[in-house]
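**Student:** Could you have a look at this structure, given as structure tokens, before my questions?
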Amino acid sequence: MSLRVPIVRRLGRVEYGRAEPMMRSFVAARGPATPDEIWLVEHPPVFTLGRAARPAHLRAPGTIPVVRTERGGQVTYHGPGQAVCYVLVDLRRSGIRVRDFVDRIEAATIALLAHYGIAAMRRTAAPGVYVREDAAHSGVVDARGGGTRVAGAKIASIGLRITEGRSWHGVALNVAMDLEPFTRIDPCGYPGLAVTDMRSCLPSPPDFDEVCDRFADRLASAFPCDSGANRLR
């Protein structure tokens, strides 16, 4: 039996309020042989609250829309310049446990950042990817609003939902974005958590489209299965 990687679909800029119902419908309609997919999107500005999110962590949203979502986790921000990959994988078919699923997403993200010369790491009990503490750069924004240089800033967030062994939602990588909205929340429910993007960690801004394509390909390679094909649409 040959292994194939998930189909990668580049959907462009999509309102968050459209993307979640699209994922829900895809998962509900899946059959045993439905190929896995990865959807690469960019969202207009929006704050999203996970199923267990505490409203207190959304401190000053201003005019940015706030959406309740079905993913796990707390509050985060999505906006232009952020590469969002929705990872739609049949975990039961592939024999992947949830913890291993998260590990693979984090590992693929860390490997992508390493390709661009950014040293990154994961943290125990705090899903996501962080700039390594000995590699922080001046572009880091302190979520407390002070603009302080903070080591170990978060550069990618993970929020997932598993329905009958099938995943939806995924990972958001900050590539080259306005980081100010992160100062209006407690990112991922952590007061004072610093947030950064790839642009702030590099001598020149990365090419957004190139980063997106490489990111989706790395994630696809992390989830080989017995159906599907790797093609960008």
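Residues are referred to by chain and number: the chain letter is A, B, ... according to the order shown in the structure tokens, the number counts from 1 in that chain, and ligands are numbered separately from 1 in the order shown.
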Can you pull out every residue from range 9-205 of chain A that DSSP, working from the backbone, puts in strand (DSSP E), and format the result as number ranges by chain?
**Tutor:** A: 9-13, 37-42, 46-49, 66-68, 75-78, 82-88, 120-123, 126-131, 154-163, 166-174
**Student:** Using C-alpha atoms, can you write the selected residues to a file as a short mmCIF file (atom, residue, chain, number, x, y, z; two decimals), in the first residue's frame?
**Tutor:**
```cif
data_model
loop_
_atom_site.label_atom_id
_atom_site.label_comp_id
_atom_site.auth_asym_id
_atom_site.auth_seq_id
_atom_site.Cartn_x
_atom_site.Cartn_y
_atom_site.Cartn_z
CA ARG A 9 -5.96 23.62 -0.95
CA ARG A 10 -5.03 27.29 -1.07
CA LEU A 11 -8.26 29.16 -0.41
CA GLY A 12 -6.91 32.71 -0.12
CA ARG A 13 -8.50 35.27 2.17
CA GLU A 37 -6.80 17.81 3.34
CA ILE A 38 -4.94 20.91 4.48
CA TRP A 39 -6.59 24.26 3.84
CA LEU A 40 -4.31 27.26 3.64
CA VAL A 41 -6.13 30.53 4.38
CA GLU A 42 -5.64 34.12 5.52
CA VAL A 46 -10.87 38.78 13.99
CA PHE A 47 -10.58 37.65 17.60
CA THR A 48 -11.69 34.06 18.17
CA LEU A 49 -12.72 32.49 21.46
CA VAL A 66 -15.19 38.70 18.07
CA VAL A 67 -16.30 35.18 17.11
CA ARG A 68 -17.09 32.20 19.32
CA VAL A 75 -8.57 33.60 22.81
CA THR A 76 -6.36 34.46 19.86
CA TYR A 77 -6.15 36.92 16.98
CA HIS A 78 -6.18 36.23 13.25
CA GLN A 82 -0.78 35.29 9.18
CA ALA A 83 -0.63 31.85 7.53
CA VAL A 84 -3.47 29.69 8.84
CA CYS A 85 -3.39 25.98 8.02
CA TYR A 86 -6.49 23.96 8.82
CA VAL A 87 -5.42 20.33 9.20
CA LEU A 88 -8.26 17.98 8.28
CA ALA A 120 12.05 27.91 17.72
CA MET A 121 10.83 25.53 20.41
CA ARG A 122 7.74 24.00 21.98
CA ARG A 123 6.67 24.25 25.61
CA ALA A 126 1.43 25.16 26.39
CA PRO A 127 0.68 24.08 22.79
CA GLY A 128 2.17 26.24 20.09
CA VAL A 129 5.60 27.31 18.91
CA TYR A 130 7.83 29.92 20.53
CA VAL A 131 11.00 31.74 19.50
CA LYS A 154 4.96 32.96 20.75
CA ILE A 155 5.10 32.84 16.96
CA ALA A 156 2.50 30.16 16.14
CA SER A 157 -0.72 29.10 17.87
CA ILE A 158 -2.55 25.77 17.73
CA GLY A 159 -6.28 25.29 18.26
CA LEU A 160 -7.97 22.00 17.39
CA ARG A 161 -11.26 20.15 17.45
CA ILE A 162 -11.53 16.36 17.12
CA THR A 163 -14.92 15.00 16.04
CA ARG A 166 -11.33 13.46 12.68
CA SER A 167 -9.52 16.75 13.17
CA TRP A 168 -10.44 20.25 12.14
CA HIS A 169 -9.07 23.72 12.86
CA GLY A 170 -5.28 23.81 13.04
CA VAL A 171 -2.29 26.16 13.34
CA ALA A 172 -1.72 29.88 12.74
CA LEU A 173 1.81 31.10 11.97
CA ASN A 174 2.56 34.82 12.33
#
```
**Student:** Would you mind telling me which residue in A:Pro80, A:Pro181, A:Pro205, A:Gly192 lies nearest to Ala153 in chain A when using only C-alpha atoms?
**Tutor:**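 Result for the nearest residue to Ala153 in chain A: A:Gly192.
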**Student:** Could you give me the residues within range 15-142 of chain A that DSSP places in alpha helix (DSSP H), as a ChimeraX atom specification?
**Tutor:** /A:16-29,91-94,98-115
**Student:** Could you dump the residues just selected with C-alpha atoms as a CSV table (one decimal), in the first residue's frame?
**Tutor:**
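As written to disk, part.csv reads:
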```csv
chain,number,residue,atom,x,y,z
A,16,TYR,CA,-13.5,33.3,9.6
A,17,GLY,CA,-17.3,33.1,9.8
A,18,ARG,CA,-17.3,31.2,6.5
A,19,ALA,CA,-14.2,29.0,7.2
A,20,GLU,CA,-15.5,27.2,10.3
A,21,PRO,CA,-18.8,26.1,8.7
A,22,MET,CA,-16.9,24.9,5.7
A,23,MET,CA,-14.7,22.7,7.9
A,24,ARG,CA,-17.6,21.4,9.9
A,25,SER,CA,-19.4,20.4,6.7
A,26,PHE,CA,-16.2,18.7,5.3
A,27,VAL,CA,-15.8,16.7,8.5
A,28,ALA,CA,-19.5,15.7,8.7
A,29,ALA,CA,-19.5,14.5,5.1
A,91,LEU,CA,-6.7,10.4,13.0
A,92,ARG,CA,-8.3,7.0,13.6
A,93,ARG,CA,-7.7,5.8,10.1
A,94,SER,CA,-4.0,6.9,10.4
A,98,VAL,CA,-4.0,13.4,19.6
A,99,ARG,CA,-0.8,14.2,21.5
A,100,ASP,CA,1.2,12.9,18.5
A,101,PHE,CA,-0.9,14.9,16.2
A,102,VAL,CA,-0.1,18.1,18.1
A,103,ASP,CA,3.6,17.1,18.2
A,104,ARG,CA,3.7,16.7,14.4
A,105,ILE,CA,2.2,20.1,13.8
A,106,GLU,CA,4.6,21.7,16.2
A,107,ALA,CA,7.6,19.8,14.7
A,108,ALA,CA,6.6,20.9,11.1
A,109,THR,CA,6.3,24.5,12.2
A,110,ILE,CA,9.7,24.4,14.0
A,111,ALA,CA,11.3,22.9,10.9
A,112,LEU,CA,9.8,25.6,8.7
A,113,LEU,CA,11.1,28.3,10.9
A,114,ALA,CA,14.6,26.7,11.0
A,115,HIS,CA,14.6,26.8,7.2
```
**Student:** Tell me which of A:Pro55, A:Pro61, A:Gly50, A:Pro35 sits closest to Phe182 in chain A, counting only C-alpha atoms.
**Tutor:** A:Pro61
**Student:** What is the CA of Val211 in chain A to CA of Pro191 in chain A distance in Å?
**Tutor:** 29.1 Å
**Student:** Between CA of Tyr116 in chain A and CA of Gly79 in chain A, what distance in Å does the model show, to one decimal?
**Tutor:**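 A separation of 21.6 Å between them.
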**Student:** What is the CA of Asp213 in chain A to CA of Arg199 in chain A distance in Å?
**Tutor:** 16.6 Å
